[in-house]
There are 4 protein chains.
Amino acid sequence: MHFASDNAATVAPPILDAIRQANDGYALAYGEDEATDRVERAFSELFEREVAVYLVATGTAANALALAHVAPPWGAVLCHRDAHIETSECGAPEFFGGGLKLVGLAGEGGKIAPKTLEDALRQREWGGPHHVAPAVLSLTQATEAGTVYQVSELSRLADIARARGMAVHMDGARFANALARLRASPAEATWKAGVDVLSFGATKGGALAAEALVFFERTRAAGMDERRKRAGHLLSKHRFVAAQFHAFLSGGLWLDLARHANAMAERLAAKLSAVGLRPVWPVEANLVFVVLPQAVHRNLEAAGACYYVMRRNDVALAPGDVLARLVTSHATTPADVDRFAAIAGQP
Amino acid sequence: MHFASDNAATVAPPILDAIRQANDGYALAYGEDEATDRVERAFSELFEREVAVYLVATGTAANALALAHVAPPWGAVLCHRDAHIETSECGAPEFFGGGLKLVGLAGEGGKIAPKTLEDALRQREWGGPHHVAPAVLSLTQATEAGTVYQVSELSRLADIARARGMAVHMDGARFANALARLRASPAEATWKAGVDVLSFGATKGGALAAEALVFFERTRAAGMDERRKRAGHLLSKHRFVAAQFHAFLSGGLWLDLARHANAMAERLAAKLSAVGLRPVWPVEANLVFVVLPQAVHRNLEAAGACYYVMRRNDVALAPGDVLARLVTSHATTPADVDRFAAIAGQP
Amino acid sequence: MHFASDNAATVAPPILDAIRQANDGYALAYGEDEATDRVERAFSELFEREVAVYLVATGTAANALALAHVAPPWGAVLCHRDAHIETSECGAPEFFGGGLKLVGLAGEGGKIAPKTLEDALRQREWGGPHHVAPAVLSLTQATEAGTVYQVSELSRLADIARARGMAVHMDGARFANALARLRASPAEATWKAGVDVLSFGATKGGALAAEALVFFERTRAAGMDERRKRAGHLLSKHRFVAAQFHAFLSGGLWLDLARHANAMAERLAAKLSAVGLRPVWPVEANLVFVVLPQAVHRNLEAAGACYYVMRRNDVALAPGDVLARLVTSHATTPADVDRFAAIAGQP
Amino acid sequence: MHFASDNAATVAPPILDAIRQANDGYALAYGEDEATDRVERAFSELFEREVAVYLVATGTAANALALAHVAPPWGAVLCHRDAHIETSECGAPEFFGGGLKLVGLAGEGGKIAPKTLEDALRQREWGGPHHVAPAVLSLTQATEAGTVYQVSELSRLADIARARGMAVHMDGARFANALARLRASPAEATWKAGVDVLSFGATKGGALAAEALVFFERTRAAGMDERRKRAGHLLSKHRFVAAQFHAFLSGGLWLDLARHANAMAERLAAKLSAVGLRPVWPVEANLVFVVLPQAVHRNLEAAGACYYVMRRNDVALAPGDVLARLVTSHATTPADVDRFAAIAGQP
């Protein structure tokens, strides 16, 4: 009953196999190998245009490199106030970006509403020399609350941002989970909707350590080779990160793994709802947020269930209650889900 | 009728005289001159302890150098959401601080309430490795709203911060105006109340370009010589910035100039109140915030009055109304005040 | 005949096995797992004192994090002018260190002579506010030239640095190769000789992507958790980097692998010498530098030999000659060595 | 007999007068005043094209802002190894530039020879992702050695740099002294010779604290308003820095002051040569470098002469001898020069 994080799960076997198979003979280091070429082509096919791809080992690296590359140091990155880049990367975007500024916006269920973005752009003082300039809109897909932006929602937000000359970044640490939910192609869910740069995560989805920074306009990526290297994020035995992504993308494995994780979250949500514990927000990806009464929380902990208790500004709690974040993954089993729900439903 | 900014005012004559007098013969550059020594001793006398002083030409420099020196790059600076460092320095603290993070807190009349600080420290997620760590409490004295923290308020806030291991910074761009209001010595209003480092402004108070960064614990300033130099803020003909501060501090000139500015603000507030335009916040320094009906605003502009129109989250405006910020200075005359109020009171 | 880089070699099978074995069930992310605890204890045993260890995926990350942590932004890092941090990390130390400065020193065979260090410290202008301050001595062990500092040499250099208040960093991307050569324990070759912080590489030695940043004085590491995280170098599925190091250190595998690589380099050097191609510098680790006449270079390339051609200030070349860097690894075979030497010896 | 620095001299009276005259009534802060407009137009006239000008208070600020603006963080700035930016700004360019790298080149008399630049560009490893990229050539005019680049020399160096896509920066802290020497217009000595951005100093030339950052291609300056502000280098009472430059440029005062300083240096050089103390390098601006025997040095010190003793790699000294740097200024008198030379010539 381990629902702490999709990062706590194993590596999906086909990905581990790919690593093993890549361990054959010599390959030039630092991405000058064939496997890297091949995986870069795979990304261009997947997104139906020539993209520039930079593989790194962590999502924080992908996000921070992306933001630093499209924002000047005096730029502001507008994002949800619960976004990972704002709350959980210990200031990585600020560091990589030479002191840029994150501006957190409120929004129900982890999503920024168009009006919120418009108001922020209209009501605050922006622009030089005294004020930072709005430079990037960063959207998390799937969100930190386990919801998913519809393509039309993305388009509308991106339109507002682009009208102000801002770039649009998507933090897709759980892009697979979002796409498994949407009826849209990878292209439709990204650049066709106005996204300029995507952090495409594989680690939470089943890889060992593999994230891709994807620029949909190749010219925009000029200098990223240097930026990645000097951040220490160019892996020397690069074939092994390429191999992970190759396996992840091959035959739609990434979507299969994500569909399983999403299905487990839905199952968990349904079973919890059945015992009166309705999720706080719509369960559209692989996260379930639910308020647990104190007694239920204790029972679950006593039974060895593992999950994090969170605080969110917009979730009021009765004394003793906790807000539990339950994360499913490719490795979650129906048995675990059912057992968890059964304990949660005990009187 | 120029109420745009105390930065728009002249240099007070005694300070300009001091510059002229300092222009006599040779003096070693970069602060190795006698005038600099003398002014540093004057600061120690003023604050009744051995302080470390670094003179610079702008308030933004003083603030950013101070914050960068007492916060690690992964530190958070908690301040009022309308603080100059948060809204009007184009990201200077973030730049100087290697990507540190500012966290803006709400607060009536530009002041942070102790409970607000306590809640922020208790309710957010803080600390490594994932979250930034609360490193500095920055208080603006006098505030951006023209109010002044009482010494007891400073102490209470500083106690909360220090209990969390945070440093306390005071942005004293209008420290003179605050001190002219308080019944307290410079020492009582700073280090005795828990302030670790002070940006002590003279420019708004009547200097040409002179700000002092004051560390009350000298050891804490180790390395600041280098930090100032590499930020380009060590003036070569340093005697002239020293001369400005010497004149500013001599014979209590700084307080005389501030008392005049404060008195002009009080006079303006009284006269505006008399015609039904009550200031939004208590007028305790040299700023008056007042909501002007559209017609009044137009009359004033037509008459050549100069002031900025501001937006503040906590001031709701009827359609057409504006929130005017009126700033007085050492150069403001009663005649200007009276004329402004008279026009504002016209039907 | 692949002698381009030890980074081009495979992962040693026991290390890949360890990754596979670690892929079992759930483990808390970000280093809060048992495998991480265990490998940290292993480091303390290896170095015979309580050390602080931070695992990352690249050597550049380890070096840059280390230097940024022990030098202030106005610090100078003195290193060999051919050191990896100076020539091949695209400014990573400067970026991580907030704009610190590297000062490259000359030195035969990749080694800094004590007199060179003393002269640099005595003859240049150092110290604030105008000049950067000597903050770190960084020594590469084994060196970029394939030589190895004797423990007595390390001690003498470290003594000079420490007498100036400088920290001592060791770039041990090939620490295993150096230690396999020295008759010294890990402790004797590091902290007992005056080293404060070590970048201990496993990747070149046979891991997939695993480097350890080791602080010999734990208190000195305060804040490194945050620094690593905000640099994007805290791996989420951390158990897999821990597993690599566990396998690397277990049963002396690291030294076995390094001894093989070193032996292959010695064999190559001997065979090349036998055909009149004497290495430029003593072959003490797994690198052989040799000047190849144009015809030999062409023969080798035609036969499919893979290696880099380098430029070094202190190696003069006749027209057409090239300076070849030949790198052996755990995967190099005697057959490959012998074939290379045979071709090189052809008339 | 004060030859320590032109920064130790007074403010030239017409410049101080201009400050006094500017102290009249209100003027909008932060450069939105008429005096600033006027001085910006004066720069465009002076340079015979529409330039973008940013006034700051220190030369280090002008240099570091310029370099950070035209180089990416992974860029290298090639400069003379004795250049002020390399030796005496405590890492300011590295800080402002997000960790860029300075590469110091050798060169007789403070000047970089074209061949030296060509060799550096050809022989080192440059370019991503592993190596920093050559981004800026920075030339000091007049040089740190008191020599002056001829326009043809500037053009040749700039051509080499531009052919590699590098920008060309001129550190003109003593631009006036150089121009007073050259038979060339300001335009010919800068952008017509290939200079992209100029740090145009007035402080050493007789101002109180005034330096101008001049971009000859206005579009290249986009974002500099923000960069200057967030570095704390936008002065609030900006009219006073504008006034200094206005006076400096009016009626050719800047060249008159520089001609005097240069003439004093020539007189000093001639008189010292007459007593057997020939300057080390040609005296083309306001600096004289001369080797003083120990006895002479003692006599001069005993007589109260003030100057700095320097070390330069390419000046070998007999035991006891010192290399004296003698700086003249607008305030130097013939009597001081003659007295100094007389004492130096005593047996």
# chains A, B, ... in the order shown; residues from 1 in each chain; ligands from 1
>>> select_by_dssp(residues="region 179-242 of chain B", states="strand (DSSP E)", output="MDAnalysis selection string")
chainID B and resid 197:201 211:215
>>> write_last_selection(atoms="N, CA and C atoms", output="short mmCIF file (atom, residue, chain, number, x, y, z; two decimals), in the first residue's frame")
data_model
loop_
_atom_site.label_atom_id
_atom_site.label_comp_id
_atom_site.auth_asym_id
_atom_site.auth_seq_id
_atom_site.Cartn_x
_atom_site.Cartn_y
_atom_site.Cartn_z
N VAL B 197 20.65 44.20 10.20
CA VAL B 197 21.29 44.97 9.14
C VAL B 197 20.28 46.00 8.61
N LEU B 198 20.79 47.20 8.41
CA LEU B 198 19.94 48.33 8.05
C LEU B 198 20.41 48.97 6.76
N SER B 199 19.47 49.19 5.84
CA SER B 199 19.73 50.07 4.70
C SER B 199 19.27 51.46 5.13
N PHE B 200 20.23 52.33 5.37
CA PHE B 200 19.96 53.65 5.93
C PHE B 200 20.06 54.66 4.78
N GLY B 201 18.92 55.17 4.37
CA GLY B 201 18.90 56.05 3.21
C GLY B 201 19.11 57.50 3.55
N GLU B 211 23.63 56.19 0.39
CA GLU B 211 22.92 55.20 1.20
C GLU B 211 23.97 54.43 2.00
N ALA B 212 23.62 54.05 3.19
CA ALA B 212 24.56 53.32 4.04
C ALA B 212 23.99 51.96 4.39
N LEU B 213 24.84 50.97 4.23
CA LEU B 213 24.48 49.62 4.65
C LEU B 213 25.17 49.41 5.99
N VAL B 214 24.38 49.22 7.03
CA VAL B 214 24.92 49.16 8.39
C VAL B 214 24.70 47.78 8.98
N PHE B 215 25.80 47.12 9.34
CA PHE B 215 25.74 45.84 10.06
C PHE B 215 25.99 46.12 11.53
#
>>> interface_residues(of="chain B", to="chain C", cutoff="6 Å", atoms="only C-alpha atoms", output="ChimeraX atom specification")
/B:128-129,225-226,229
>>> write_last_selection(atoms="N, CA and C atoms", output="mmCIF file, in the first residue's frame")
data_model
loop_
_atom_site.group_PDB
_atom_site.id
_atom_site.type_symbol
_atom_site.label_atom_id
_atom_site.label_comp_id
_atom_site.auth_asym_id
_atom_site.auth_seq_id
_atom_site.Cartn_x
_atom_site.Cartn_y
_atom_site.Cartn_z
ATOM 1 N N GLY B 128 15.000 22.451 3.475
ATOM 2 C CA GLY B 128 15.647 21.627 2.483
ATOM 3 C C GLY B 128 15.314 20.162 2.603
ATOM 4 N N PRO B 129 15.591 19.424 1.559
ATOM 5 C CA PRO B 129 16.147 19.948 0.325
ATOM 6 C C PRO B 129 15.110 20.503 -0.641
ATOM 7 N N ASP B 225 33.102 43.855 1.760
ATOM 8 C CA ASP B 225 33.980 44.689 0.930
ATOM 9 C C ASP B 225 34.072 44.127 -0.488
ATOM 10 N N GLU B 226 34.280 42.843 -0.568
ATOM 11 C CA GLU B 226 34.389 42.185 -1.864
ATOM 12 C C GLU B 226 33.039 42.186 -2.582
ATOM 13 N N LYS B 229 32.357 45.621 -4.020
ATOM 14 C CA LYS B 229 33.237 45.951 -5.139
ATOM 15 C C LYS B 229 32.788 45.225 -6.412
#
>>> closest_atom_pairs(of="region 297-331 of chain C", to="region 275-284 of chain C", cutoff="10 Å", atoms="only C-alpha atoms", output="JSON lines")
{"residue": "C:Val315", "atom": "CA", "partner": "C:Val280", "partner_atom": "CA", "distance": 8.2}
{"residue": "C:Leu323", "atom": "CA", "partner": "C:Val280", "partner_atom": "CA", "distance": 8.9}
{"residue": "C:Ala324", "atom": "CA", "partner": "C:Pro279", "partner_atom": "CA", "distance": 9.7}
{"residue": "C:Arg325", "atom": "CA", "partner": "C:Pro279", "partner_atom": "CA", "distance": 9.8}
>>> residues_around(residues="Ala29 (chain D)", least_positions_apart="3", cutoff="7 Å", atoms="only C-alpha atoms", output="count of residues only")
7
>>> atom_distance(atom1="CA of Val322 (chain A)", atom2="CA of Gln294 (chain A)")
6.9 Å
>>> atom_distance(atom1="CA of Leu78 (chain C)", atom2="CA of Lys115 (chain C)")
13.5 Å
>>> residues_around(residues="Val327 (chain D)", least_positions_apart="2", cutoff="9 Å", atoms="only C-alpha atoms", output="PyMOL selection string")
chain D and resi 2-6+261+265+286-289+307+325+329
>>> residues_around(residues="Ala344 (chain C)", least_positions_apart="2", cutoff="9 Å", atoms="only C-alpha atoms", output="PyMOL selection string")
chain C and resi 272+275+277+292+296-297+299-300+339-342+346-347
>>> select_by_dssp(residues="region 34-253 of chain A", states="alpha helix (DSSP H)", output="VMD selection string")
chain A and resid 34 to 47 59 to 70 84 to 87 92 to 96 114 to 123 151 to 163 175 to 181 224 to 230 239 to 249 253
>>> write_last_selection(atoms="C-alpha atoms", output="PDB file, in the first residue's frame")
ATOM      1  CA  GLU A  34      23.659   6.407 -32.306  1.00  0.00           C
ATOM      2  CA  ALA A  35      21.105   5.687 -29.614  1.00  0.00           C
ATOM      3  CA  THR A  36      20.861   9.382 -28.886  1.00  0.00           C
ATOM      4  CA  ASP A  37      20.381  10.207 -32.543  1.00  0.00           C
ATOM      5  CA  ARG A  38      17.679   7.610 -32.772  1.00  0.00           C
ATOM      6  CA  VAL A  39      15.762   8.803 -29.763  1.00  0.00           C
ATOM      7  CA  GLU A  40      15.900  12.385 -30.974  1.00  0.00           C
ATOM      8  CA  ARG A  41      14.324  11.312 -34.227  1.00  0.00           C
ATOM      9  CA  ALA A  42      11.679   9.436 -32.286  1.00  0.00           C
ATOM     10  CA  PHE A  43      10.700  12.661 -30.533  1.00  0.00           C
ATOM     11  CA  SER A  44      10.325  14.472 -33.832  1.00  0.00           C
ATOM     12  CA  GLU A  45       8.063  11.737 -35.096  1.00  0.00           C
ATOM     13  CA  LEU A  46       6.041  11.710 -31.941  1.00  0.00           C
ATOM     14  CA  PHE A  47       5.434  15.442 -32.088  1.00  0.00           C
ATOM     15  CA  GLY A  59      12.642  16.937 -13.767  1.00  0.00           C
ATOM     16  CA  THR A  60      13.964  19.862 -11.789  1.00  0.00           C
ATOM     17  CA  ALA A  61      16.819  20.132 -14.253  1.00  0.00           C
ATOM     18  CA  ALA A  62      14.470  20.033 -17.236  1.00  0.00           C
ATOM     19  CA  ASN A  63      12.226  22.710 -15.759  1.00  0.00           C
ATOM     20  CA  ALA A  64      14.978  25.021 -14.604  1.00  0.00           C
ATOM     21  CA  LEU A  65      16.960  24.755 -17.829  1.00  0.00           C
ATOM     22  CA  ALA A  66      13.824  25.458 -19.852  1.00  0.00           C
ATOM     23  CA  LEU A  67      12.770  28.488 -17.840  1.00  0.00           C
ATOM     24  CA  ALA A  68      16.261  29.969 -17.763  1.00  0.00           C
ATOM     25  CA  HIS A  69      16.471  29.607 -21.511  1.00  0.00           C
ATOM     26  CA  VAL A  70      13.258  31.391 -22.421  1.00  0.00           C
ATOM     27  CA  HIS A  84       6.377  22.123  -8.367  1.00  0.00           C
ATOM     28  CA  ILE A  85       8.688  24.833  -9.717  1.00  0.00           C
ATOM     29  CA  GLU A  86       7.292  27.270  -7.153  1.00  0.00           C
ATOM     30  CA  THR A  87       7.092  25.070  -4.088  1.00  0.00           C
ATOM     31  CA  ALA A  92      16.079  25.934  -8.993  1.00  0.00           C
ATOM     32  CA  PRO A  93      14.441  28.201 -11.587  1.00  0.00           C
ATOM     33  CA  GLU A  94      15.682  31.255  -9.725  1.00  0.00           C
ATOM     34  CA  PHE A  95      19.209  29.835  -9.638  1.00  0.00           C
ATOM     35  CA  PHE A  96      19.360  28.695 -13.248  1.00  0.00           C
ATOM     36  CA  PRO A 114      -7.888  32.317 -17.865  1.00  0.00           C
ATOM     37  CA  LYS A 115      -9.398  35.169 -15.901  1.00  0.00           C
ATOM     38  CA  THR A 116      -6.830  34.739 -13.150  1.00  0.00           C
ATOM     39  CA  LEU A 117      -4.050  35.025 -15.673  1.00  0.00           C
ATOM     40  CA  GLU A 118      -5.642  38.024 -17.342  1.00  0.00           C
ATOM     41  CA  ASP A 119      -6.143  39.777 -14.023  1.00  0.00           C
ATOM     42  CA  ALA A 120      -2.573  39.153 -12.964  1.00  0.00           C
ATOM     43  CA  LEU A 121      -1.289  40.594 -16.210  1.00  0.00           C
ATOM     44  CA  ARG A 122      -3.576  43.586 -16.007  1.00  0.00           C
ATOM     45  CA  GLN A 123      -3.540  44.475 -12.351  1.00  0.00           C
ATOM     46  CA  VAL A 151      -6.559  21.204 -24.900  1.00  0.00           C
ATOM     47  CA  SER A 152      -8.979  24.080 -25.246  1.00  0.00           C
ATOM     48  CA  GLU A 153      -7.974  25.334 -21.816  1.00  0.00           C
ATOM     49  CA  LEU A 154      -4.310  25.176 -22.749  1.00  0.00           C
ATOM     50  CA  SER A 155      -4.968  27.086 -25.951  1.00  0.00           C
ATOM     51  CA  ARG A 156      -6.831  29.827 -24.219  1.00  0.00           C
ATOM     52  CA  LEU A 157      -4.153  30.307 -21.581  1.00  0.00           C
ATOM     53  CA  ALA A 158      -1.385  30.164 -24.165  1.00  0.00           C
ATOM     54  CA  ASP A 159      -3.170  32.757 -26.289  1.00  0.00           C
ATOM     55  CA  ILE A 160      -3.311  35.160 -23.375  1.00  0.00           C
ATOM     56  CA  ALA A 161       0.363  34.641 -22.623  1.00  0.00           C
ATOM     57  CA  ARG A 162       1.510  34.914 -26.207  1.00  0.00           C
ATOM     58  CA  ALA A 163      -0.466  38.113 -26.686  1.00  0.00           C
ATOM     59  CA  PHE A 175       2.691  14.399 -19.277  1.00  0.00           C
ATOM     60  CA  ALA A 176       2.058  10.724 -19.983  1.00  0.00           C
ATOM     61  CA  ASN A 177      -0.736  10.594 -17.429  1.00  0.00           C
ATOM     62  CA  ALA A 178      -2.285  13.699 -18.919  1.00  0.00           C
ATOM     63  CA  LEU A 179      -2.076  12.454 -22.454  1.00  0.00           C
ATOM     64  CA  ALA A 180      -3.525   9.108 -21.489  1.00  0.00           C
ATOM     65  CA  ARG A 181      -6.525  11.043 -20.288  1.00  0.00           C
ATOM     66  CA  MET A 224      21.032  24.938 -24.716  1.00  0.00           C
ATOM     67  CA  ASP A 225      23.885  22.505 -25.334  1.00  0.00           C
ATOM     68  CA  GLU A 226      26.157  24.838 -23.424  1.00  0.00           C
ATOM     69  CA  ARG A 227      23.598  25.621 -20.750  1.00  0.00           C
ATOM     70  CA  ARG A 228      22.988  21.933 -20.045  1.00  0.00           C
ATOM     71  CA  LYS A 229      26.686  21.120 -19.934  1.00  0.00           C
ATOM     72  CA  ARG A 230      27.610  23.916 -17.549  1.00  0.00           C
ATOM     73  CA  ARG A 239      23.388   6.080 -24.389  1.00  0.00           C
ATOM     74  CA  PHE A 240      21.736   4.832 -21.217  1.00  0.00           C
ATOM     75  CA  VAL A 241      19.399   7.764 -20.848  1.00  0.00           C
ATOM     76  CA  ALA A 242      18.649   7.560 -24.555  1.00  0.00           C
ATOM     77  CA  ALA A 243      17.896   3.877 -24.164  1.00  0.00           C
ATOM     78  CA  GLN A 244      15.393   4.582 -21.419  1.00  0.00           C
ATOM     79  CA  PHE A 245      13.487   7.014 -23.567  1.00  0.00           C
ATOM     80  CA  HIS A 246      13.660   4.732 -26.546  1.00  0.00           C
ATOM     81  CA  ALA A 247      11.988   1.982 -24.590  1.00  0.00           C
ATOM     82  CA  PHE A 248       9.550   4.405 -23.012  1.00  0.00           C
ATOM     83  CA  LEU A 249       8.342   5.726 -26.356  1.00  0.00           C
ATOM     84  CA  LEU A 253       4.778   1.862 -23.640  1.00  0.00           C
TER      85      LEU A 253
END
>>> atom_distance(atom1="CA of His80 (chain B)", atom2="CA of Thr190 (chain B)")
18.2 Å
>>> residues_around(residues="Met264 (chain D)", least_positions_apart="4", cutoff="10 Å", atoms="only C-alpha atoms", output="MDAnalysis selection string")
chainID D and resid 258:260 268:270 285:288 327:334 336:338
>>> write_last_selection(atoms="N, CA and C atoms", output="PDB file, in the first residue's frame")
ATOM      1  N   ALA D 258      41.783  66.153 -20.353  1.00  0.00           N
ATOM      2  CA  ALA D 258      42.643  65.013 -20.698  1.00  0.00           C
ATOM      3  C   ALA D 258      43.967  65.485 -21.285  1.00  0.00           C
ATOM      4  N   ARG D 259      43.903  66.527 -22.091  1.00  0.00           N
ATOM      5  CA  ARG D 259      45.164  67.031 -22.670  1.00  0.00           C
ATOM      6  C   ARG D 259      46.101  67.522 -21.581  1.00  0.00           C
ATOM      7  N   HIS D 260      45.512  68.154 -20.589  1.00  0.00           N
ATOM      8  CA  HIS D 260      46.364  68.611 -19.480  1.00  0.00           C
ATOM      9  C   HIS D 260      47.000  67.414 -18.767  1.00  0.00           C
ATOM     10  N   LEU D 268      56.496  64.705 -17.103  1.00  0.00           N
ATOM     11  CA  LEU D 268      57.097  63.837 -16.088  1.00  0.00           C
ATOM     12  C   LEU D 268      58.046  62.841 -16.749  1.00  0.00           C
ATOM     13  N   ALA D 269      57.572  62.248 -17.832  1.00  0.00           N
ATOM     14  CA  ALA D 269      58.406  61.268 -18.535  1.00  0.00           C
ATOM     15  C   ALA D 269      59.696  61.905 -19.031  1.00  0.00           C
ATOM     16  N   ALA D 270      59.571  63.090 -19.573  1.00  0.00           N
ATOM     17  CA  ALA D 270      60.746  63.763 -20.119  1.00  0.00           C
ATOM     18  C   ALA D 270      61.751  64.096 -19.015  1.00  0.00           C
ATOM     19  N   ALA D 285      49.350  58.432 -22.590  1.00  0.00           N
ATOM     20  CA  ALA D 285      48.148  58.933 -21.917  1.00  0.00           C
ATOM     21  C   ALA D 285      48.592  59.619 -20.628  1.00  0.00           C
ATOM     22  N   ASN D 286      47.979  59.275 -19.504  1.00  0.00           N
ATOM     23  CA  ASN D 286      48.318  59.969 -18.262  1.00  0.00           C
ATOM     24  C   ASN D 286      48.948  59.051 -17.221  1.00  0.00           C
ATOM     25  N   LEU D 287      49.604  58.009 -17.716  1.00  0.00           N
ATOM     26  CA  LEU D 287      50.307  57.105 -16.805  1.00  0.00           C
ATOM     27  C   LEU D 287      51.768  56.982 -17.223  1.00  0.00           C
ATOM     28  N   VAL D 288      52.628  56.980 -16.220  1.00  0.00           N
ATOM     29  CA  VAL D 288      54.064  56.783 -16.450  1.00  0.00           C
ATOM     30  C   VAL D 288      54.511  55.626 -15.578  1.00  0.00           C
ATOM     31  N   VAL D 327      50.469  58.426 -11.918  1.00  0.00           N
ATOM     32  CA  VAL D 327      49.269  58.829 -12.641  1.00  0.00           C
ATOM     33  C   VAL D 327      49.082  60.332 -12.513  1.00  0.00           C
ATOM     34  N   THR D 328      48.930  60.978 -13.638  1.00  0.00           N
ATOM     35  CA  THR D 328      48.619  62.406 -13.616  1.00  0.00           C
ATOM     36  C   THR D 328      47.120  62.592 -13.855  1.00  0.00           C
ATOM     37  N   SER D 329      46.659  63.819 -13.645  1.00  0.00           N
ATOM     38  CA  SER D 329      45.232  64.087 -13.798  1.00  0.00           C
ATOM     39  C   SER D 329      45.025  65.539 -14.202  1.00  0.00           C
ATOM     40  N   HIS D 330      43.777  65.907 -14.314  1.00  0.00           N
ATOM     41  CA  HIS D 330      43.459  67.297 -14.618  1.00  0.00           C
ATOM     42  C   HIS D 330      44.006  68.239 -13.547  1.00  0.00           C
ATOM     43  N   ALA D 331      44.255  67.703 -12.373  1.00  0.00           N
ATOM     44  CA  ALA D 331      44.648  68.550 -11.245  1.00  0.00           C
ATOM     45  C   ALA D 331      46.150  68.597 -11.021  1.00  0.00           C
ATOM     46  N   THR D 332      46.888  67.820 -11.775  1.00  0.00           N
ATOM     47  CA  THR D 332      48.339  67.802 -11.587  1.00  0.00           C
ATOM     48  C   THR D 332      48.955  69.135 -12.024  1.00  0.00           C
ATOM     49  N   THR D 333      49.894  69.596 -11.241  1.00  0.00           N
ATOM     50  CA  THR D 333      50.552  70.864 -11.579  1.00  0.00           C
ATOM     51  C   THR D 333      51.970  70.616 -12.085  1.00  0.00           C
ATOM     52  N   PRO D 334      52.435  71.484 -12.950  1.00  0.00           N
ATOM     53  CA  PRO D 334      53.838  71.385 -13.385  1.00  0.00           C
ATOM     54  C   PRO D 334      54.805  71.429 -12.206  1.00  0.00           C
ATOM     55  N   ASP D 336      54.413  70.223  -9.246  1.00  0.00           N
ATOM     56  CA  ASP D 336      54.486  68.897  -8.633  1.00  0.00           C
ATOM     57  C   ASP D 336      55.336  67.949  -9.467  1.00  0.00           C
ATOM     58  N   VAL D 337      55.123  68.026 -10.761  1.00  0.00           N
ATOM     59  CA  VAL D 337      55.905  67.175 -11.661  1.00  0.00           C
ATOM     60  C   VAL D 337      57.383  67.483 -11.527  1.00  0.00           C
ATOM     61  N   ASP D 338      57.692  68.744 -11.549  1.00  0.00           N
ATOM     62  CA  ASP D 338      59.095  69.142 -11.530  1.00  0.00           C
ATOM     63  C   ASP D 338      59.757  68.781 -10.201  1.00  0.00           C
TER      64      ASP D 338
END
